[in-house]
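Asks: Take this structure, written in structure tokens, and hold onto it; I'll ask about it next.
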Amino acid sequence: MAEKKPSPDHWLVRPDTIRIIWIGSLAVLALTVIAELFIDRVSKFGIDGTLGFGAWFGFISCVVLVIGSKALGAVLKQPDTYYDR
Amino acid sequence: MIADLVIPPGLVLIAAGFLLPFVKGQARSTIIVAAPLVALALVWGLPDGPVLTLSYLGYELTPVKADAISRLFATVFTLMTAIGGLYALRQDRVMELTAAFVYAGSAVGVVFAGDLLTVFIFWEVMAVASTLIIWSSTQPGAAKSAQRYAIVHLLGGVVLMAGIAGEIATTGNLTFTAMEANSLPRWLILAGFLINAGAPPFSAWLPDAYPEASWSGMVFLSAFTTKTAVYVLIRGFPGEEILVYVGLYMVFYGIVYAILENDMRRILAYTIVNQMGFTMVGIGIGTELALNGAAALAFSHIIYKALLLMSAGAVLYQTGKRKCTDLGGLFRTMPITTICGIIGALSLSAFPLTSGFISKSMVSQAAADENLMIVYLLLAAASSGVFLYAGIKFPWFVFFQKDSGLRPPEPPQNMRIAMYIMAALSIGLGIFPQLLYALLPFNVDYVPYKASKVIFQLQLLLFSGLAFFLLLGMLKRTLTITLDFDWFWRGLGRAIAREFDTTTTRAWGRTVDRTTRAAVRFVTALYKHHGPDGILAQTWPTGSMALWMTLFLAAFLIASFF
């Protein structure tokens with residue numbers, strides 16, 4: 001078996017490392033939701049008592065914010081030399 | 001008597017600032033770091049209540065009056081000046097440092113002001129000094145930005161002055177205490193304060209001006225103007241409901257514009273508006289917990305935003321670049337700057353174990369306690385948004401992302417030490433929140449580290465991180481800017497000015513033209529009659545005079561017969 005050539009770039013940006021980071025991160029994400037099963041959940045408004053509220057609420061908020069910003073950007077974005085003309 | 005001698009801490013900074021141009025080398029460095037520490041000691045030496053009063057123009061002024069809130073803000077202001085000064089030791093433009101010290105000194109002056117006139121005077125000195133910081137920058141857009149910055153802040157000053165004059169005229173009271181916005185003068189005072197806080201429709205001054213300051217200038221700028229505004233609002237308008245809505249607008253304004261932004265320092269400038277939004281919501285809610293939260297957030301924000309800007313400043317200092325599209329992959333040669341940037345970004349996002357978490361969660365908790373469900377949910381959504389647009393975005397695009405090919409070295413040692421101190425404070429306050437809670441204006445029985453809160457926050461932030469990497473394609477930076485309300489004075493205003501310019505130039509041209517032609521005609525006519533060949537300039541023969549005399553005499557003779 002041919003010996004694998006050492007990647008010339010920093011270890012942190014090699015595809016293998018990035019894959020490990022992705023797997024590790026997804027595991028941590030799952031853990032934060034699972035951990036919720038073992039604590040007393042505090043619910044003030046009802047909706048915030050659902051399982052993984054922070055997870056789904058945070059995720060959806062971000063998607064909405066990014067898409068909303070893009071939509072606004074389509075109207076308001078200008079080349080960065082706009083005011084120099 | 002020594003016991004009666006009160007030295008206003010702000011004046012120490014201002015005096016030190018004016019001394020800086022006259023000293024060099026080691027002496028200058030010593031003053032830069034030591035003067036703020038002396039001021040800090042003086043801050044803690046002030047007893048509660050009015051400590052200095054004087055009469056001026058028939059008004060009783062209280063230039064120095066201390067209590068827990070003013071001490072909290074003055075502490076972080078002086079601390080910030082010392083560490084910011086350490087960071088800026090290599091700034092060879094001494095005007096910037098002088099301006100920064102005068103600026104910091106007047107910010108301390110505002111937080112100890114017991115009456116509205118003193119507030120106003122220091123407020124205006126701050127505006128002038130901060131303009132000079134931007135002016136002294138060598139960034140290409142600095143001069144024009146400084147001009148726009150000065151105009152907005154002078155406008156704010158005029159509005160504030162009008163409000164204060166009206167307040168004195170209607171109530172005769174100068175004392176700076178809690179007010180309700182129930183009369184025109186008070187609305188004007190509130191508006192003057194809000195302009196400095198970066199509230200709409202004037203939010204644009206902040207991301208327009210701050211990023212044009214030098215690598216060290218922005219570190220100073222981020223600390224004082226907006227935070228002084230937070231202080232005066234806590235003091236003057238606690239529980240003013242409109243602040244909740246203004247705050248929510250600022251929170252989302254900051255996120256949306258930062259998502260679309262390409263310049264790393266402008267991204268951080270938008271986060272200032274966003275974080276100020278959180279404090280505005282806290283002040284608007286107005287309960288003890290909410291006000292504590294607003295004050296704590298302002299305190300920690302100064303520290304972690306300075307850390308972030310030091311990290312960005314180090315990148316700018318070493319590479320001369322600010323745009324995300326030009327940067328990337330710097331972690332290879334700037335690991336310390338990268339880690340400090342990440343710590344700042346995590347604090348900004350209120351990650352557990354950072355100063356942001358122990359302060360921002362107080363505001364959210366206050367909203368929940370008051371049964372403000374919509375506000376609570378919007379703040380939670382915004383917290384996840386902050387992580388997305390700045391918490392990950394700033395470190396990712398500057399230090400990771402693609403390999404830009406840049407290999408800048410770490411910044412000089414003094415800049416690294418300043419970053420270490422700020423990073424240590426950010427995490428230290430997160431681990432030992434009691435250190436900060438002890439300084440807050442009201443008693444704190446708030447416990448930030450409850451399992452449910454920590455897990456909620458972790459879910460919120462980490463899943464927002466997931467969203468970031470899944471949506472990365474949509475977040476690619478482009479060479480664009482995003483129009484803002486400032487278009488009304490930079491775009492529309494200029495278009496009107498240009499139109500006016502063309503019209504007046506044409507009208508003026510015509511007027512000049514006509515006047516010139518009339519003058520030429522007049523001179524030509526004059527020349528025609530009185531010139532060398534003019535009929536009136538000729539010498540007349542003696543005979544014609546005799547003839548005319550005879551004619552006149554004859555006419556006289558005939559007339560005398562009748």
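For the structure tokens, the naming scheme is as follows: chains receive sequential letters (A, B, ...) according to their order of presentation, residues are indexed from 1 within each chain, and ligands are indexed from 1 in presentation order.
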As a ChimeraX atom specification, please: every residue in stretch 39-187 of chain B that DSSP puts in strand (DSSP E or B).
Replies: /B:49-56,59-66,115,175
Asks: Please identify all residues of chain A having at least one atom at most 9 Å from any atom of chain B, considering only C-alpha atoms, and return them as a PyMOL selection string.
Replies: chain A and resi 10+13+25-26+28-29+32-33+35-36+39-42+44-45+48+52-63+65-70+72-73+75-83
Asks: Mind the document's chain letters and residue numbers, and return as a ChimeraX atom specification the residues of chain A that DSSP labels alpha helix (DSSP H).
Replies: /A:15-35,53-76
Asks: With only C-alpha atoms as the atoms that count, which of B:Phe73, B:Gly277, B:Gly405, B:Ala418 lies nearest to A:Asp9?
Replies: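 Nearest to A:Asp9: B:Gly405.
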